[in-house]
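Here the structure is laid out as structure tokens; the discussion comes afterwards.
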Amino acid sequence: MTTRGAGRTTTGTGNGPRRPLLVAVSGPDGSGKSSLVGRLTTLLDARGLTVVSTHCYGCFLCRRFVVPPRLGEAGEPAGGGWARRAGDPERRGSRLRRAHAFLDAGELAARIAAAELLARTRARARGRRAVVVTDRGPLDGLVKFDLPETSRAAHVYRRIAARYRLTLLVQTGPDTLRGRGWEEVAGPPTAWWSRYRNWSRRLSRIVRIDGERPPSLVAATALDRILEAERDRDRTPEESGSPARRHVVLSSYDDAENPAYRGGGALVICKVARRLAEDYRVTVVTAGRSGGSGERDGIRYVRLPVGRAGPRAGQVLFLAMLPFVARRIPHDLWLESFTPPFSTSFLPLTGGAPVVGIDQGRSAEALWRRYHIPFFLVERLGLRCYRHIVVMNTADGAVVRRLSPRADVQVIANGVEPRELDETDLGSGQFILFLGRIDTWTKGLDLLLDAYGRAAPPLDLLIAGSGTPAEERRLAALLAARRHGPRPRIHWVGYVEEDRKRQLLRDSAFLAMPSRHETFGLVALEAMSYGKPVLHFDLPALRWMRDGGDVAVPPFDVAALAERMNELATDAALRRRLGRRSGLAARRYTWDEMTGRYLALAHRLLDTPAGPRRPRKRGASWQTTR
């Protein structure tokens, strides 16, 4: 590689001039985007760069036809026509709006391509490097239409955003926008800034600039960012002082946006992915109703289009597609969260990169007992292909070690956010809580309802969770059969968001977890962190709670479950003692500690020096059953 000076074109061996540096200046109208582009054009040209700026004020429809200022009712929030469609889920995904978004994205892509061609031509003639600066980018288009994240139009905007080397988001306050002539035909400025914050977290290479400062300082800061991005293109990994980042992929059928599951497995994968992203490039492969990819919090998400097949068939399709996806995505390490019914997908046979199986859903044995279909035969054969397996508890570790003797089996439990115990709340509570996925047989809801009816405790039973339509109908039928008296004592509130879930845990007297099958029981750990006792069957997979404020009864003994349920419901002093022990035991299971073990495992398998760590990165060791 040869360099012809500070502002000259860098060429490779016969490759010609490099692609122009593409920069977007984004922000609401009135934030000073156009004036900043003009200043940057002058400053960059003075530093020997060929600069092409293009103005992208939306598609030709937006420029030619003015939107009526008020299409809503008087006093309606965000009454502007486009804003109403953006704020109303029924209107937000309309066909006309999606078509408009595609048209807008297509014209933006065409303008960028034309500007890049012009910049490349001028740079070749002058022997300079080229920069293309636009006063609107894909971020502005995503904010304008605010389509669902998984829509194809949003995917097109993300594809365009990947072409940009840098997006400068000029941040100004609402009062500044109003002072510059902002008209609230599309809603208040705070609502638009909320959209900018939301979408900017899902895109990469976003740099925020304080637009409240004098224009000369804003331009100087933006210039430094652009020149720094240009210099970074010249640096090799060795020159930048860090090795090339390895690529780690995590796969899990369970996902926080999947209404049929949204279980603890999705939370675990999210936490592990964020921790691994500190040292690696990370991609998460999961299920969705439609295919596509996107980026959030610096992590790339790839969704396989299996959701429309239903929860059961979707799992089988996901397992079938996974080996083909693994061959298409280059990676250095793959972490596979096991998916029912076969758990394993024989992924280690598809390539030479290490594969770590994560046993969060190895349920073939439980499905055999429930449906009498020998899924476990495929699972046992598949487990022998894995050389590295992570399990949630020592009991499962012993089973997996027996089924796959050559595997290195690591025990890494789930985690919870650390909390300080409030001594005044210990022993209090207004109801008995069940929290989890609605799966009557696996989660033992039929046993719970039988025990509650037999015990008749003084506290109501609250069931929080959602599941497949068939499972929800089954639960509704069970509740209808047990509805007696003028006031129902069993309440099913459906799926609850995170804030509501925390409130239920705080207000509950204790947690009932009558599962027939579990791999860890993350919800039990969450309840313990709030100082709540956990009532459960004495399953081997749940013995990590032993002497930690739990109350275990013989497996599937409804009479014993009813007796201990009534005891906990009537004895606040007992709940106080057990709750204190639960809270202290939960402190041993922090997300920082547990995800640190995944990070240490990744470094060991990739043979990459972990390098200096910040004080928070603890947990470099891991347990093993060997």
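Following the order of the structure tokens, first chain is A, next is B, and so on, with residues numbered from 1 inside each chain and ligands from 1 in the order they appear.
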
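Counting only C-alpha atoms, Arg195 of chain A has the following residues at most 9 Å away, ignoring those fewer than 6 positions along the same chain: Leu142, Val143, Lys144 and Asp146 of chain A.
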
Next, dump the selected residues to file, keeping only N, CA and C atoms, as an mmCIF file, in the first residue's frame.
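That gives us selection-v3.cif:
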data_model
loop_
_atom_site.group_PDB
_atom_site.id
_atom_site.type_symbol
_atom_site.label_atom_id
_atom_site.label_comp_id
_atom_site.auth_asym_id
_atom_site.auth_seq_id
_atom_site.Cartn_x
_atom_site.Cartn_y
_atom_site.Cartn_z
ATOM 1 N N LEU A 142 -35.860 5.767 9.321
ATOM 2 C CA LEU A 142 -36.448 4.860 10.313
ATOM 3 C C LEU A 142 -37.274 5.620 11.335
ATOM 4 N N VAL A 143 -36.776 6.798 11.740
ATOM 5 C CA VAL A 143 -37.515 7.610 12.706
ATOM 6 C C VAL A 143 -38.793 8.166 12.076
ATOM 7 N N LYS A 144 -38.712 8.576 10.824
ATOM 8 C CA LYS A 144 -39.866 9.186 10.156
ATOM 9 C C LYS A 144 -41.032 8.215 10.046
ATOM 10 N N ASP A 146 -41.045 4.928 11.446
ATOM 11 C CA ASP A 146 -41.190 4.179 12.700
ATOM 12 C C ASP A 146 -41.964 2.882 12.484
#

(Q) Can you tell me which residues surround Ser515 of chain A at a distance of at most 7 Å, considering only C-alpha atoms, apart from same-chain residues fewer than 3 positions away, and format the answer as a ChimeraX atom specification? (A) /A:442-444,518

Q) Taking into account only C-alpha atoms, which residue in the set A:Cys385, A:Val306, A:Ile226, A:Val207 is nearest to Gly292 of chain A? A) A:Val306

Q: Name the residues in contact with segment 575-580 of chain A at a cut-off of 9 Å, using only C-alpha atoms, excluding same-chain residues fewer than 5 positions from it; report them as a ChimeraX atom specification.
A: /A:421,423,425-428,509-510,528-534,548-551,568-569,585

Q | 8 Å contact set for segment 474-479 of chain A, only C-alpha atoms, chain neighbours under 4 positions out, as a ChimeraX atom specification | A | /A:438,440,445-446,470,483,490

Generate the output file for the selected residues, all heavy atoms, as a tab-separated table (two decimals), in the first residue's frame.
chain	number	residue	atom	x	y	z
A	438	ILE	N	-46.94	-20.63	30.30
A	438	ILE	CA	-48.13	-21.45	30.48
A	438	ILE	C	-47.95	-22.74	29.69
A	438	ILE	O	-48.08	-22.78	28.46
A	438	ILE	CB	-49.40	-20.70	30.03
A	438	ILE	CG1	-49.56	-19.42	30.85
A	438	ILE	CG2	-50.62	-21.58	30.18
A	438	ILE	CD1	-49.63	-19.62	32.34
A	440	THR	N	-49.21	-26.48	30.85
A	440	THR	CA	-49.88	-27.13	31.98
A	440	THR	C	-49.13	-28.34	32.50
A	440	THR	O	-48.92	-28.49	33.71
A	440	THR	CB	-51.31	-27.53	31.58
A	440	THR	OG1	-52.00	-26.36	31.13
A	440	THR	CG2	-52.05	-28.13	32.76
A	445	LEU	N	-49.10	-26.99	36.30
A	445	LEU	CA	-50.20	-26.11	36.72
A	445	LEU	C	-51.41	-26.91	37.20
A	445	LEU	O	-52.13	-26.46	38.10
A	445	LEU	CB	-50.59	-25.20	35.55
A	445	LEU	CG	-49.60	-24.07	35.25
A	445	LEU	CD1	-49.93	-23.41	33.93
A	445	LEU	CD2	-49.61	-23.05	36.37
A	446	ASP	N	-51.63	-28.09	36.63
A	446	ASP	CA	-52.74	-28.91	37.11
A	446	ASP	C	-52.50	-29.36	38.55
A	446	ASP	O	-53.42	-29.39	39.38
A	446	ASP	CB	-52.94	-30.11	36.19
A	446	ASP	CG	-51.66	-30.90	35.98
A	446	ASP	OD1	-50.56	-30.33	36.15
A	446	ASP	OD2	-51.74	-32.10	35.65
A	470	ALA	N	-53.17	-23.19	22.43
A	470	ALA	CA	-53.71	-24.44	22.95
A	470	ALA	C	-53.49	-24.57	24.44
A	470	ALA	O	-54.39	-24.98	25.19
A	470	ALA	CB	-53.07	-25.62	22.21
A	483	ARG	N	-63.90	-22.79	39.47
A	483	ARG	CA	-64.44	-21.50	39.88
A	483	ARG	C	-65.69	-21.72	40.72
A	483	ARG	O	-66.75	-22.12	40.22
A	483	ARG	CB	-64.77	-20.64	38.65
A	483	ARG	CG	-65.17	-19.21	38.97
A	483	ARG	CD	-65.20	-18.40	37.70
A	483	ARG	NE	-63.87	-18.30	37.11
A	483	ARG	CZ	-63.66	-18.13	35.80
A	483	ARG	NH1	-64.67	-18.08	34.97
A	483	ARG	NH2	-62.43	-18.05	35.34
A	490	ILE	N	-58.56	-17.47	42.34
A	490	ILE	CA	-57.44	-17.75	41.43
A	490	ILE	C	-57.54	-16.76	40.28
A	490	ILE	O	-58.57	-16.66	39.61
A	490	ILE	CB	-57.49	-19.20	40.91
A	490	ILE	CG1	-57.52	-20.19	42.07
A	490	ILE	CG2	-56.30	-19.47	40.01
A	490	ILE	CD1	-57.67	-21.64	41.62

Q | Among listed residues A:Val409, A:Leu377, A:Val355, A:Val133, nearest Val249 of chain A (using only C-alpha atoms) | A |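 When distances to Val249 of chain A are compared using only C-alpha atoms, the smallest one comes from A:Val355.
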
Q. Got a sec: who's within 12 Å of segment 317-321 of chain A, counting only C-alpha atoms, leaving out chain neighbours fewer than 5 positions off, as a PyMOL selection string?
A. chain A and resi 251-254+285-289+291+303-312+326-328+336-347+350+382

Using only C-alpha atoms, find each residue in segment 292-363 of chain A having at least one atom no more than 8 Å away from segment 386-405 of chain A; report its shortest atom-to-atom pair and that distance in Å (one decimal), rows by chain then rising number, as JSON lines.
{"residue": "A:Pro348", "atom": "CA", "partner": "A:Tyr386", "partner_atom": "CA", "distance": 6.3}
{"residue": "A:Val355", "atom": "CA", "partner": "A:His388", "partner_atom": "CA", "distance": 6.8}
{"residue": "A:Val356", "atom": "CA", "partner": "A:His388", "partner_atom": "CA", "distance": 4.9}
{"residue": "A:Gly357", "atom": "CA", "partner": "A:Ile389", "partner_atom": "CA", "distance": 4.5}
{"residue": "A:Ile358", "atom": "CA", "partner": "A:Val390", "partner_atom": "CA", "distance": 4.7}
{"residue": "A:Asp359", "atom": "CA", "partner": "A:Val391", "partner_atom": "CA", "distance": 4.9}
{"residue": "A:Gln360", "atom": "CA", "partner": "A:Met392", "partner_atom": "CA", "distance": 7.1}

Restricting the output to C-alpha atoms, write the selected residues as a short mmCIF file (atom, residue, chain, number, x, y, z; two decimals), in the first residue's frame.
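See selection_12.cif below for the written result:
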data_model
loop_
_atom_site.label_atom_id
_atom_site.label_comp_id
_atom_site.auth_asym_id
_atom_site.auth_seq_id
_atom_site.Cartn_x
_atom_site.Cartn_y
_atom_site.Cartn_z
CA PRO A 348 -20.56 -29.77 15.43
CA VAL A 355 -19.42 -25.54 19.16
CA VAL A 356 -20.63 -25.21 22.75
CA GLY A 357 -23.99 -26.78 23.54
CA ILE A 358 -25.97 -24.93 26.22
CA ASP A 359 -28.43 -27.18 28.02
CA GLN A 360 -31.35 -24.84 28.72
#

Q.
Neighbouring residues of Gly137 of chain A were defined as those with any atom within 12 Å, considering only C-alpha atoms; residues of the same chain fewer than 2 positions away were excluded. Please report them as JSON, numbers by chain.
A. {"A": [22, 23, 24, 25, 26, 27, 28, 33, 54, 55, 56, 57, 58, 104, 105, 107, 108, 109, 111, 112, 132, 133, 134, 135, 139, 140, 141, 142, 143, 144, 157, 158, 159, 160, 161, 162, 163, 164, 165, 166, 167, 168, 169, 200, 203, 206]}

Q: Report as JSON, numbers by chain: the residues of segment 404-594 of chain A with a DSSP assignment of strand (DSSP E), based on the backbone of this structure.
A: {"A": [408, 409, 410, 411, 431, 432, 433, 434, 435, 460, 461, 462, 463, 464, 490, 491, 492, 493, 494, 510, 511, 512, 513, 534, 535, 536, 537, 550, 551, 552, 553]}

**Q.** Selection near Leu461 of chain A, 8 Å with only C-alpha atoms, sequence-local residues under 3 positions removed, as a list in words
**A.** Phe431, Ile432, Leu433, Phe434, Tyr452, Arg489, Ile490 and His491 of chain A

Q.
Report, in Å to a single decimal, how far apart atom CA of Glu472 of chain A and atom CA of Glu526 of chain A are.
A.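 According to the coordinates, atom CA of Glu526 of chain A and atom CA of Glu472 of chain A are separated by 23.9 Å.
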